[in-house]
Structures are given as structure tokens and as C-alpha cells.
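The data block below is data_0.txt; it holds compact mmCIF, C-alpha atoms.
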```txt
# COMPACT_ATOMS: atom_id res chain seq x y z
CA MET N 7 0.00 0.00 0.00
CA LEU N 8 2.82 2.40 0.88
CA LYS N 9 4.45 1.65 -2.46
CA LYS N 10 1.20 2.55 -4.23
CA LEU N 11 0.93 5.72 -2.14
CA ARG N 12 4.46 6.73 -3.09
CA ILE N 13 3.81 6.05 -6.78
CA LYS N 14 0.60 8.08 -6.59
CA PHE N 15 2.44 10.95 -4.87
CA ILE N 16 5.12 10.97 -7.58
CA GLY N 17 2.46 10.80 -10.29
CA VAL N 18 0.47 13.70 -8.86
CA ALA N 19 3.57 15.87 -8.36
CA VAL N 20 5.02 15.26 -11.83
CA SER N 21 1.60 15.60 -13.48
CA SER N 22 1.03 18.94 -11.75
CA VAL N 23 4.38 20.28 -12.96
CA PHE N 24 3.67 18.92 -16.45
CA LEU N 25 0.29 20.70 -16.60
CA VAL N 26 1.84 23.96 -15.40
CA LEU N 27 4.55 23.73 -18.07
CA VAL N 28 2.02 22.89 -20.78
CA LEU N 29 -0.21 25.84 -19.84
CA LEU N 30 2.62 28.32 -19.32
CA LEU N 31 4.81 27.46 -22.31
CA GLY N 32 1.77 26.75 -24.46
CA CYS N 33 0.45 30.27 -23.83
CA ILE N 34 3.88 31.79 -24.50
CA ASN N 35 4.26 29.95 -27.81
CA ILE N 36 0.71 30.75 -28.90
CA VAL N 37 1.26 34.44 -28.17
CA ASN N 38 4.58 34.29 -30.01
CA TYR N 39 2.94 32.70 -33.06
CA MET N 40 0.09 35.22 -33.02
CA ASN N 41 2.68 38.03 -32.95
CA VAL N 42 4.31 36.57 -36.07
CA ILE N 43 0.93 36.48 -37.83
CA ASP N 44 0.02 39.99 -36.65
CA ALA N 45 3.32 41.47 -37.86
CA ALA N 46 2.93 39.73 -41.24
CA ASP N 47 -0.66 40.92 -41.61
CA GLN N 48 0.35 44.52 -40.88
CA ARG N 49 2.89 44.40 -43.72
CA LEU N 50 0.27 42.81 -45.96
CA ASP N 51 -2.08 45.67 -45.06
CA VAL N 52 0.46 48.17 -46.37
CA LEU N 53 1.10 46.11 -49.49
CA GLU N 54 -2.64 45.79 -50.10
CA THR N 55 -3.18 49.50 -49.60
CA TYR N 56 -0.51 50.43 -52.12
CA GLY N 57 -1.31 47.84 -54.77
CA GLY N 58 1.24 45.19 -53.90
CA THR N 59 4.32 47.28 -53.14
CA PHE N 60 5.77 49.50 -50.46
CA PRO N 61 5.51 53.22 -51.31
CA TYR N 62 8.78 55.08 -51.59
CA ASP N 63 7.41 58.61 -51.47
CA GLY N 64 6.32 60.74 -48.51
CA THR N 65 3.38 58.48 -47.73
CA LEU N 66 5.76 55.77 -46.56
CA LEU N 67 6.63 57.64 -43.36
CA GLY N 68 2.99 57.82 -42.37
CA SER N 69 2.50 54.12 -42.99
CA LEU N 70 5.63 53.21 -41.05
CA PHE N 71 4.51 55.36 -38.12
CA ARG N 72 1.00 53.91 -38.20
CA TYR N 73 2.11 50.27 -38.19
CA LYS N 74 5.18 50.85 -36.00
CA PHE N 75 7.59 49.61 -38.67
CA SER N 76 11.22 50.54 -38.80
CA ALA N 77 12.53 52.61 -41.71
CA GLU N 78 14.14 49.42 -43.05
CA ALA N 79 10.76 47.64 -43.44
CA PRO N 80 10.54 48.14 -47.25
CA PHE N 81 14.06 46.81 -47.69
CA ASP N 82 13.99 43.79 -45.34
CA SER N 83 10.55 42.61 -46.50
CA ARG N 84 10.69 39.87 -49.11
CA TYR N 85 7.51 39.55 -51.11
CA PHE N 86 6.08 38.91 -54.55
CA THR N 87 2.74 39.40 -56.24
CA VAL N 88 0.71 37.58 -58.88
CA THR N 89 -2.29 39.01 -60.75
CA ILE N 90 -4.92 36.64 -62.11
CA ASN N 91 -7.33 38.26 -64.58
CA GLU N 92 -11.07 37.78 -64.99
CA LYS N 93 -10.48 34.91 -67.44
CA ALA N 94 -8.65 32.95 -64.68
CA LYS N 95 -5.30 33.45 -66.40
CA VAL N 96 -2.09 34.67 -64.83
CA ALA N 97 -1.82 38.22 -66.10
CA SER N 98 1.37 39.43 -64.38
CA VAL N 99 4.01 38.31 -61.87
CA ASP N 100 6.30 40.58 -59.83
CA VAL N 101 9.23 38.80 -58.15
CA GLY N 102 11.52 41.80 -58.03
CA HIS N 103 11.54 41.93 -54.24
CA ILE N 104 12.54 38.33 -53.56
CA ALA N 105 15.39 36.15 -54.84
CA SER N 106 14.26 32.69 -53.72
CA VAL N 107 11.18 32.49 -55.98
CA ASP N 108 11.15 32.58 -59.80
CA THR N 109 8.30 33.73 -62.02
CA ARG N 110 7.08 30.25 -62.88
CA SER N 111 6.98 29.03 -59.25
CA ALA N 112 5.19 32.20 -58.17
CA ALA N 113 2.55 31.81 -60.87
CA GLN N 114 1.96 28.13 -60.10
CA LEU N 115 1.57 28.82 -56.37
CA ALA N 116 -0.88 31.67 -56.89
CA TYR N 117 -2.91 29.77 -59.48
CA SER N 118 -3.23 26.67 -57.24
CA LEU N 119 -4.56 28.85 -54.41
CA TYR N 120 -6.91 30.61 -56.83
CA GLN N 121 -8.36 27.27 -57.96
CA LYS N 122 -8.88 26.22 -54.33
CA GLN N 123 -10.54 29.61 -53.65
CA LYS N 124 -8.08 30.32 -50.85
CA THR N 125 -7.94 33.99 -49.89
CA GLU N 126 -5.69 34.17 -46.83
CA GLY N 127 -3.34 32.02 -44.81
CA PHE N 128 0.03 30.32 -44.98
CA SER N 129 1.55 28.41 -47.87
CA SER N 130 4.82 26.97 -46.65
CA ASP N 131 6.63 29.98 -45.13
CA PHE N 132 4.65 32.52 -47.15
CA ARG N 133 1.81 34.51 -45.64
CA TYR N 134 -0.57 35.34 -48.49
CA ARG N 135 -3.66 37.40 -49.12
CA ALA N 136 -5.97 37.67 -52.15
CA VAL N 137 -7.21 41.17 -53.03
CA ASP N 138 -10.00 41.82 -55.51
CA THR N 139 -9.06 44.41 -58.15
CA ASP N 140 -10.71 45.88 -61.22
CA GLY N 141 -8.79 43.54 -63.47
CA GLY N 142 -9.14 40.33 -61.41
CA VAL N 143 -7.46 39.07 -58.23
CA LEU N 144 -4.11 40.20 -56.84
CA TYR N 145 -2.27 37.63 -54.72
CA ILE N 146 0.32 39.11 -52.33
CA PHE N 147 2.88 36.74 -50.80
CA LEU N 148 5.09 37.80 -47.87
CA ASP N 149 8.07 35.65 -46.91
CA CYS N 150 7.89 34.95 -43.14
CA GLY N 151 10.66 32.35 -43.15
CA ARG N 152 12.93 34.19 -40.73
CA GLU N 153 10.15 34.91 -38.25
CA LEU N 154 8.79 31.36 -38.46
CA ASN N 155 12.25 29.85 -38.04
CA THR N 156 12.74 31.99 -34.95
CA PHE N 157 9.38 30.80 -33.64
CA ARG N 158 10.20 27.14 -34.38
CA ASN N 159 13.62 27.39 -32.72
CA PHE N 160 12.04 28.96 -29.65
CA PHE N 161 9.33 26.27 -29.62
CA ARG N 162 11.94 23.49 -29.83
CA ALA N 163 13.98 25.16 -27.09
CA THR N 164 10.94 25.32 -24.80
CA LEU N 165 10.16 21.66 -25.49
CA THR N 166 13.74 20.65 -24.69
CA ALA N 167 13.82 22.79 -21.55
CA SER N 168 10.46 21.39 -20.46
CA ALA N 169 11.59 17.79 -21.01
CA VAL N 170 14.81 18.38 -19.08
CA GLY N 171 12.98 20.21 -16.30
CA LEU N 172 10.29 17.53 -16.05
CA THR N 173 12.95 14.82 -15.91
CA LEU N 174 14.77 16.65 -13.11
CA VAL N 175 11.50 17.13 -11.23
CA PHE N 176 10.77 13.41 -11.58
CA VAL N 177 14.23 12.49 -10.29
CA PHE N 178 14.05 14.86 -7.32
CA VAL N 179 10.49 13.85 -6.44
CA CYS N 180 11.53 10.18 -6.52
CA ILE N 181 14.46 10.96 -4.24
CA PHE N 182 12.46 13.02 -1.73
CA SER N 183 9.13 11.17 -1.94
CA LYS N 184 10.15 8.79 0.83
CA ALA N 185 10.67 11.72 3.17
CA ALA N 186 7.40 13.29 2.04
CA ILE N 187 5.28 10.23 2.87
CA LYS N 188 7.33 9.21 5.91
CA PRO N 189 4.77 10.57 8.46
CA THR N 190 1.97 8.74 6.64
CA ALA N 191 4.07 5.57 6.47
CA GLN N 192 4.81 5.75 10.20
CA ALA N 193 1.16 6.30 11.05
CA TYR N 194 0.14 3.43 8.79
CA GLU N 195 2.71 1.09 10.33
CA LYS N 196 1.50 2.01 13.82
CA GLN N 197 -2.09 1.35 12.75
CA LYS N 198 -1.21 -2.08 11.36
CA ARG N 199 0.81 -2.95 14.44
CA PHE N 200 -2.05 -1.82 16.68
CA ILE N 201 -4.59 -3.93 14.79
CA THR N 202 -2.36 -7.00 14.87
CA ASP N 203 -1.44 -6.59 18.54
CA ALA N 204 -5.01 -5.77 19.54
CA GLY N 205 -6.24 -8.80 17.61
CA HIS N 206 -3.94 -11.11 19.55
CA GLU N 207 -4.77 -9.42 22.84
CA ILE N 208 -8.52 -9.71 22.26
CA LYS N 209 -8.33 -13.43 21.52
CA THR N 210 -7.32 -14.29 25.09
CA PRO N 211 -10.21 -12.55 26.92
CA LEU N 212 -12.62 -13.89 24.27
CA ALA N 213 -11.41 -17.42 24.98
CA ILE N 214 -11.79 -16.82 28.73
CA ILE N 215 -15.29 -15.39 28.28
CA GLY N 216 -16.23 -18.39 26.11
CA ALA N 217 -14.91 -20.83 28.69
CA ALA N 218 -16.73 -19.00 31.50
CA ASN N 219 -19.93 -19.08 29.44
CA GLU N 220 -19.61 -22.86 29.04
CA VAL N 221 -19.13 -23.26 32.78
CA ILE N 222 -22.28 -21.21 33.41
CA GLU N 223 -24.18 -23.43 30.99
CA LEU N 224 -22.91 -26.58 32.73
CA ASP N 225 -24.04 -25.27 36.11
CA ASN N 226 -27.31 -23.60 35.16
CA GLY N 227 -28.10 -24.89 31.66
CA GLU N 228 -28.41 -22.93 28.44
CA SER N 229 -30.42 -19.73 28.36
CA GLU N 230 -31.08 -16.86 25.98
CA TRP N 231 -28.35 -14.93 27.78
CA THR N 232 -25.65 -17.58 27.33
CA ASP N 233 -26.73 -18.04 23.71
CA SER N 234 -26.40 -14.30 23.18
CA ILE N 235 -22.94 -14.28 24.77
CA ARG N 236 -21.82 -17.18 22.57
CA ASN N 237 -23.12 -15.49 19.41
CA GLN N 238 -21.42 -12.20 20.25
CA ILE N 239 -18.15 -14.05 20.98
CA LYS N 240 -18.35 -15.66 17.53
CA ARG N 241 -19.11 -12.34 15.92
CA LEU N 242 -16.27 -10.52 17.67
CA THR N 243 -13.85 -13.38 16.94
CA SER N 244 -14.77 -13.27 13.24
CA LEU N 245 -14.31 -9.48 13.14
CA THR N 246 -10.93 -9.72 14.88
CA GLU N 247 -9.70 -12.41 12.51
CA LYS N 248 -10.73 -10.38 9.48
CA LEU N 249 -9.09 -7.21 10.80
CA VAL N 250 -5.84 -9.08 11.43
CA LEU N 251 -6.05 -10.66 7.97
CA LEU N 252 -6.56 -7.24 6.38
CA ALA N 253 -3.57 -5.84 8.27
CA LYS N 254 -1.39 -8.73 7.08
CA MET N 255 -2.54 -8.46 3.47
CA ASP N 256 -1.90 -4.70 3.45
CA GLU N 257 1.73 -5.16 4.46
CA ALA N 258 4.17 -4.15 1.75
CA GLY N 259 5.60 -7.13 -0.03
CA ASN N 260 3.14 -9.48 1.61
CA ALA N 261 4.16 -12.94 0.40
CA THR N 262 1.26 -15.19 -0.47
CA VAL N 263 1.84 -18.91 -0.94
CA LYS N 264 1.08 -19.42 -4.62
CA THR N 265 0.52 -22.86 -6.08
CA GLN N 266 -1.32 -24.15 -9.12
CA PHE N 267 -4.69 -25.65 -8.28
CA SER N 268 -8.08 -26.34 -9.83
CA LEU N 269 -10.02 -23.10 -9.50
CA SER N 270 -13.12 -24.85 -10.81
CA ASP N 271 -13.05 -27.39 -7.95
CA ALA N 272 -12.29 -24.72 -5.34
CA VAL N 273 -15.22 -22.54 -6.40
CA ASN N 274 -17.60 -25.46 -6.80
CA GLU N 275 -16.77 -27.04 -3.43
CA THR N 276 -16.89 -23.75 -1.52
CA ALA N 277 -20.18 -22.68 -3.08
CA GLU N 278 -21.74 -26.13 -2.52
CA SER N 279 -21.07 -25.79 1.20
CA PHE N 280 -23.76 -23.08 1.28
CA SER N 281 -26.47 -25.39 -0.07
CA ALA N 282 -27.67 -26.26 3.43
CA VAL N 283 -27.75 -22.57 4.41
CA ALA N 284 -29.78 -21.75 1.31
CA ALA N 285 -32.25 -24.56 2.02
CA GLU N 286 -32.60 -23.46 5.65
CA LYS N 287 -33.35 -19.87 4.66
CA GLY N 288 -35.64 -20.80 1.79
CA LYS N 289 -33.36 -19.34 -0.86
CA THR N 290 -32.28 -20.71 -4.23
CA LEU N 291 -28.58 -21.32 -4.84
CA ASN N 292 -27.48 -21.84 -8.45
CA ILE N 293 -23.89 -22.85 -9.22
CA SER N 294 -22.49 -22.68 -12.75
CA VAL N 295 -18.78 -23.49 -12.89
CA GLU N 296 -16.89 -24.03 -16.12
CA PRO N 297 -14.74 -27.16 -15.61
CA GLY N 298 -11.01 -27.43 -16.15
CA ILE N 299 -10.01 -23.90 -15.08
CA ASN N 300 -6.67 -23.89 -13.28
CA PHE N 301 -5.16 -20.97 -11.41
CA THR N 302 -1.86 -20.12 -9.73
CA GLY N 303 -2.36 -18.40 -6.39
CA ASP N 304 -3.18 -18.87 -2.74
CA GLU N 305 -5.86 -21.59 -2.76
CA ASN N 306 -6.96 -20.96 0.83
CA ALA N 307 -7.36 -17.23 0.13
CA ILE N 308 -9.35 -17.90 -3.08
CA ARG N 309 -11.65 -20.30 -1.21
CA GLN N 310 -12.13 -17.60 1.42
CA LEU N 311 -12.95 -15.10 -1.36
CA VAL N 312 -15.68 -17.37 -2.72
CA SER N 313 -16.96 -17.98 0.80
CA LEU N 314 -17.10 -14.27 1.64
CA LEU N 315 -18.93 -13.32 -1.55
CA THR N 316 -21.40 -16.21 -1.30
CA ASP N 317 -22.01 -15.58 2.41
CA ASN N 318 -22.59 -11.88 1.68
CA ALA N 319 -25.07 -12.81 -1.07
CA MET N 320 -26.92 -15.17 1.26
CA LYS N 321 -27.16 -12.57 4.01
CA TYR N 322 -28.32 -9.66 1.90
CA SER N 323 -30.52 -11.31 -0.73
CA ASN N 324 -34.24 -10.76 -0.29
CA GLU N 325 -36.59 -13.30 1.31
CA HIS N 326 -36.87 -16.44 -0.86
CA GLY N 327 -34.32 -14.76 -3.13
CA THR N 328 -31.84 -16.25 -5.58
CA VAL N 329 -28.06 -16.49 -5.38
CA ASN N 330 -26.04 -17.36 -8.49
CA VAL N 331 -22.37 -18.33 -8.28
CA GLY N 332 -20.51 -18.62 -11.57
CA LEU N 333 -17.00 -19.16 -12.91
CA ARG N 334 -15.89 -18.95 -16.52
CA LYS N 335 -12.78 -18.44 -18.60
CA ASN N 336 -12.38 -14.89 -19.93
CA GLY N 337 -9.42 -14.92 -22.30
CA LYS N 338 -6.35 -15.68 -20.21
CA LYS N 339 -8.16 -14.69 -17.02
CA ALA N 340 -10.80 -16.33 -14.86
CA GLU N 341 -14.01 -14.48 -14.04
CA LEU N 342 -15.81 -15.26 -10.78
CA THR N 343 -19.34 -13.86 -10.46
CA VAL N 344 -21.74 -13.87 -7.50
CA TYR N 345 -25.23 -12.46 -8.02
CA ASN N 346 -28.05 -12.08 -5.53
CA THR N 347 -31.54 -10.65 -5.88
CA VAL N 348 -32.77 -7.80 -3.67
CA ASP N 349 -36.08 -5.99 -3.30
CA TYR N 350 -34.60 -2.71 -4.50
CA ILE N 351 -31.23 -1.05 -4.93
CA THR N 352 -30.07 1.97 -6.88
CA SER N 353 -28.84 0.89 -10.30
CA GLY N 354 -25.19 1.45 -11.21
CA ASP N 355 -21.76 0.95 -9.70
CA HIS N 356 -21.52 0.39 -5.93
CA ARG N 357 -17.84 0.83 -5.18
CA GLU N 358 -18.75 1.87 -1.63
CA PHE N 359 -19.54 -1.76 -0.72
CA PHE N 360 -15.80 -2.42 -0.43
CA GLU N 361 -15.21 0.36 2.11
CA ARG N 362 -14.34 -0.92 5.55
CA PHE N 363 -17.29 -0.97 7.97
CA TYR N 364 -19.65 0.27 5.26
CA ARG N 365 -23.28 -0.30 6.21
CA ALA N 366 -26.02 0.24 3.66
CA ASP N 367 -28.56 -0.63 6.36
CA GLY N 368 -27.17 -0.70 9.88
CA SER N 369 -30.18 -2.37 11.49
CA ARG N 370 -30.22 -5.12 8.88
CA SER N 371 -26.49 -5.71 9.28
CA VAL N 372 -27.01 -6.39 12.96
CA LYS N 373 -29.77 -8.90 12.16
CA THR N 374 -27.65 -10.74 9.60
CA GLY N 375 -24.53 -10.67 11.76
CA GLY N 376 -22.53 -8.61 9.32
CA HIS N 377 -19.97 -6.07 10.45
CA GLY N 378 -19.12 -4.38 7.14
CA ILE N 379 -15.63 -5.76 6.60
CA GLY N 380 -16.08 -9.01 4.69
CA LEU N 381 -16.11 -7.35 1.27
CA SER N 382 -13.01 -5.34 2.20
CA VAL N 383 -11.25 -8.66 2.86
CA ALA N 384 -12.54 -9.97 -0.48
CA GLU N 385 -11.12 -6.93 -2.27
CA ALA N 386 -7.78 -7.35 -0.48
CA ILE N 387 -7.59 -10.99 -1.63
CA VAL N 388 -8.34 -10.03 -5.24
CA ASN N 389 -5.77 -7.20 -5.14
CA ALA N 390 -3.15 -9.56 -3.72
CA HIS N 391 -3.67 -11.72 -6.82
CA LYS N 392 -3.35 -8.69 -9.18
CA GLY N 393 -7.04 -8.90 -10.05
CA LYS N 394 -10.01 -6.56 -10.04
CA ILE N 395 -13.35 -6.76 -8.28
CA THR N 396 -16.50 -4.73 -8.94
CA ALA N 397 -20.01 -4.47 -7.52
CA VAL N 398 -22.79 -3.43 -9.88
CA ALA N 399 -26.57 -3.28 -9.62
CA PRO N 400 -27.58 -3.89 -13.26
CA ASP N 401 -31.35 -3.55 -12.97
CA GLY N 402 -32.16 -2.24 -9.49
CA HIS N 403 -33.29 -5.68 -8.28
CA GLY N 404 -29.99 -7.48 -7.92
CA VAL N 405 -26.30 -7.03 -7.12
CA LEU N 406 -23.54 -8.59 -9.24
CA PHE N 407 -20.03 -9.01 -7.82
CA THR N 408 -17.40 -9.77 -10.46
CA ALA N 409 -13.84 -10.75 -9.59
CA VAL N 410 -11.43 -11.04 -12.52
CA LEU N 411 -8.37 -13.08 -11.54
```
Rendering of file as C-alpha cells:
Amino acid sequence: MLKKLRIKFIGVAVSSVFLVLVLLLGCINIVNYMNVIDAADQRLDVLETYGGTFPYDGTLLGSLFRYKFSAEAPFDSRYFTVTINEKAKVASVDVGHIASVDTRSAAQLAYSLYQKQKTEGFSSDFRYRAVDTDGGVLYIFLDCGRELNTFRNFFRATLTASAVGLTLVFVFVCIFSKAAIKPTAQAYEKQKRFITDAGHEIKTPLAIIGAANEVIELDNGESEWTDSIRNQIKRLTSLTEKLVLLAKMDEAGNATVKTQFSLSDAVNETAESFSAVAAEKGKTLNISVEPGINFTGDENAIRQLVSLLTDNAMKYSNEHGTVNVGLRKNGKKAELTVYNTVDYITSGDHREFFERFYRADGSRSVKTGGHGIGLSVAEAIVNAHKGKITAVAPDGHGVLFTAVL
């Protein structure tokens, strides 16, 4: 359990840092990219206003001031234009302000965008815009290669820095996680030790009380009071044993004795032992076990799992209800199911049944002798075998427990 807690602590810490980095650096890179687009669009605005070229007369100063360009903007901007006439033919091409694009390439690029009815966006590293004119459509292309390369380099740098930072965070969290969960680990160890010690200490007075009760019965005969004492001793003994078992199964590195055995026989024999109980209570017990299923694990623990689930179904099924115990092969895994009918229950998942000392109906639990820990033990057994157990009410009139081993 402590190992799982440590892994969860590391996962939460690293995930939190990862989310912060994604949000922070993501916002920075998005803003950076939007700035590249905004700067390109401002230059395209000037080019559109002046028919596809920067003005070199007095009006240039006003445009530069308006768009906050430097005086070098007309000279460091690389662009070209293509005019497509009303007959959808390339009428003119101006590549005098760029050296990396020839007339043919410029015409082909503009014409392909014209056919696709594209009016604005990026084509490779060129930011383009289509402007309607009296003679057709003017395509203006602005080379944003330098700005985009700067953006890409910054983006790659942030990714690298994030990866390195996240790796360092993971390493440091792994190193210091033991110290972080040390108080919890100490408290948990004290709790387990207390349960184990208390369990052993309680057994002695229970044995003495039981012996004294037998002596009273020998002297005075059985009575409702001695019967009550005996029943409460059994109930408290069962609770103590289950608490001690839970404490042992929760221990880190708990070693279970695993052998290969017939799971089909174990389930069938354990479930059959409840036939007399079912007949006594007027309930129907159906057992459907697929033969020949073998399993490697703790046979005694698996038998106890079947016993706990079947006993729970017997206790909490409705009057003259039905209990179905099944086992089948599910791929490489074995699927144990225990179903019991009830008068009414909320449909859906009932994960809360596995909480320790959970009582759906306290008064009924007292009548049936339950103490709300049997299903917790069942879950611990399944977890010890790397399996999964669920409790679902499929139709509101029954509860299905499924343990996949």
C-alpha cells in the first residue's frame, strides 16, 4: 500500500508540474505565433493599400509610423505578387523583391490557391492574401521564413527545456518522496501494528469469556443470555480475525503462498457448502462453474474469497431470493461472479460496498450478523492476486459481484 501511495504521490507531483509547463509554455508559444501572424498581416495591409508594393514617397513615413515599422521595413521585407485576370489566367508576376522564388513558381503557387478559392493564410513559409481588383485578383505573398524559423527554434527550445525540467522534477520527487510520505508511512505502520497486537490481545479474553460461558451453561443450563454471549463471541472473533487478515494483506511485499490448483473445484466445493444454508433460509442457490479452469495463487485465500462473496449474497438477498455463483474463462483470465436478488437497490456501480465498515442498512447488518468488513477482505484478496473486483446493480433488483483473476 505504501508503495502505491508513493507512486501516486510521484504521479500527482510530476503531473502537476507537467500541466503547469504545458499551460505556461503553451500560452507563451501561442502568443509568439500570433505576434508573427500579426506582424505579417500589418505588412500585408500596407502592401494591399498600395497595390502590392511598399511606397517610396512621402506616404511611406505615415504608414511606417501607423504600423510601427522601422525605416528598413521596405528593404527587409521579401515579397512577390501575382495578378490573375477575370479569365482565370495569370496576367502578371512581380518577383523583383525576392530572390528565392522565380516567375514560374510564383505563378503556379498563386494559381493553385486561386483554384482552391483560398484567400488568406500560410503556404509553406509565405503569408498570403488575395485582393479583388478591377482587373481580377491580386495575390500578395510575404516571406515569413525568418520569423517562423525563430518561432520554431524557440518552440523546440521550450520543449527541450520542459523535457529536461520535467525529468529533473521526476528524479528529485523520486528521491524526496520517501521523506514526504514518511509521516503517513509511520502512522500506517503504527495502525497495522495496533490492529495485529489488539487482535492477539482480544483473543485471550474472548477465549476466557467463552470458557466461562460454558461453565455457566454446565451449572445452570443454556439460556437466551448464554446463547447471546456465545453469538457475540463468535461475531467478535470473526471481526478480529478479518481485521488481522486485512492488516497482514496490506503489508508491503506481503508474500502469499502461490501454487497451481483447480479453480473450478475450489469454487464449486466452496459454493456447494452453502447449499444447506440456502435450504434453511428458503433461498435458491445456483452454481455454474466451467470445468477445467486452473489458477496459480493462494488456494486458501481464493476459497475464502468465494466464501465471503457467497455468504454476503446469502445474508443480503431478499426473502426467498436467488443467489447465483458462476465461474468462466475470460481470455487468459478467470471471471468469478456472484449475483443475488434484492427488493430494491439503486442501479449502477456500488464501489462503496468495499469500504471498511460500510453499512447500507445498519439495522439489517445487525440482524444478519454482518460487520461491514467481509467485502473489504474480499477486495484485499483479489488485489493480492493482481485482479479486479466490482459491484454493480444492473437492474435495481440485484447485485452482481465480479472478480477477474
Legend entry - Distance query Leu115 in chain N at most 12 Å, only C-alpha atoms, self and fewer than 4 positions along chain excluded, as number ranges by chain: N: 86-90, 96, 99, 107-111, 119-122, 124, 128-130, 132, 134, 145-147
Identify the residues around (10.4, 37.6, -43.4) within a radius of 8 Å, measuring from all atoms listed in the file in the coordinates stated by the file, and give them as a JSON list (two decimals) with C-alpha atoms, keeping the file's coordinate frame.
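Heads up, here's the output in result-v2.json:
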```
[["chain", "number", "residue", "atom", "x", "y", "z"],
["N", 82, "ASP", "CA", 13.99, 43.79, -45.34],
["N", 83, "SER", "CA", 10.55, 42.61, -46.50],
["N", 84, "ARG", "CA", 10.69, 39.87, -49.11],
["N", 148, "LEU", "CA", 5.09, 37.80, -47.87],
["N", 149, "ASP", "CA", 8.07, 35.65, -46.91],
["N", 150, "CYS", "CA", 7.89, 34.95, -43.14],
["N", 151, "GLY", "CA", 10.66, 32.35, -43.15],
["N", 152, "ARG", "CA", 12.93, 34.19, -40.73],
["N", 153, "GLU", "CA", 10.15, 34.91, -38.25]]
```
Inset, instruction - Within 9 Å of Ile308 in chain N, counting all atoms listed in the file, which residues show up once you throw out same-chain ones fewer than 5 positions away? Write them as a list in words, please. - result: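 Here the answer would be Leu269, Ala272, Val273, Gly303, Ser313, Ala384, Ile387 and Val388 of chain N.
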Inset, instruction - Please provide the set of residues having any atom within 9 Å of Lys394 in chain N, restricted to only C-alpha atoms, with same-chain residues fewer than 5 positions apart removed, written as a ChimeraX atom specification. - result: /N:385,388-389,408-411
Inset, instruction - Compare N:Ala307, N:Leu314, N:Ala284, N:Ile222 by their minimum atom-to-atom distance to Thr328 in chain N, counting all atoms listed in the file, and give me the closest one. - result: N:Ala284
Inset, instruction - Between CA of Leu174 in chain N and CA of Ile16 in chain N, measure the distance and give it in Å to one decimal. - result: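 Calculated distance between CA of Leu174 in chain N and CA of Ile16 in chain N is 12.5 Å.
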Inset, instruction - Would you mind listing what lies within 12 Å of Leu333 in chain N as an MDAnalysis selection string, with all atoms listed in the file counted and same-chain residues fewer than 6 positions away left out? - result: chainID N and resid 268:274 277 292:300 312 339:345 407:411
Legend entry - Atomic distance CA of Ala105 in chain N - CA of Ala79 in chain N, expressed in Å with one decimal: 16.8 Å
Legend entry - Distance criterion (only C-alpha atoms): nearest to Asp349 in chain N out of N:Val18, N:Val405, N:Leu315, N:Met320: N:Val405
Inset, instruction - Excluding Ile104 in chain N and any residue of its chain fewer than 2 positions from it, enumerate the residues within 6 Å of it, using all atoms listed in the file, and give them as an MDAnalysis selection string. - result: chainID N and resid 84:85 101:102 106
Inset, instruction - Rounded to one decimal place, report the CA of Arg12 in chain N-CA of Phe176 in chain N distance in Å. - result: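 For CA of Arg12 in chain N relative to CA of Phe176 in chain N, the distance reads 12.5 Å.
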Inset, instruction - Between N:Asp317, N:Gly57, N:His403, N:Asp44, single out the one closest to Ser281 in chain N, counting only C-alpha atoms. - result: N:Asp317
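For the residues N:Ser234, N:Thr243, N:Asn159, N:Ser168, ranking by smallest atom-to-atom distance to Ala213 in chain N using all atoms listed in the file places N:Thr243 first.
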Inset, instruction - Kindly indicate which residue among N:Asp47, N:Asp100, N:Glu278, N:Glu220 lies nearest to Thr232 in chain N, using all atoms listed in the file for the distances. - result: N:Glu220
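Between Ser21 in chain N and the residues N:Gly127, N:Glu358, N:Leu172, N:Ile187, the shortest atom-to-atom distance, using all atoms listed in the file, involves N:Leu172.
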Give, as AutoDock Vina command-line options, the centre coordinates and the x, y and z edge lengths in Å to one decimal for an axis-aligned box around all listed atoms of range 152-155 of chain N, padded by 5 Å on each side.
```
--center_x 10.9 --center_y 32.4 --center_z -39.4 --size_x 14.1 --size_y 15.1 --size_z 12.7
```
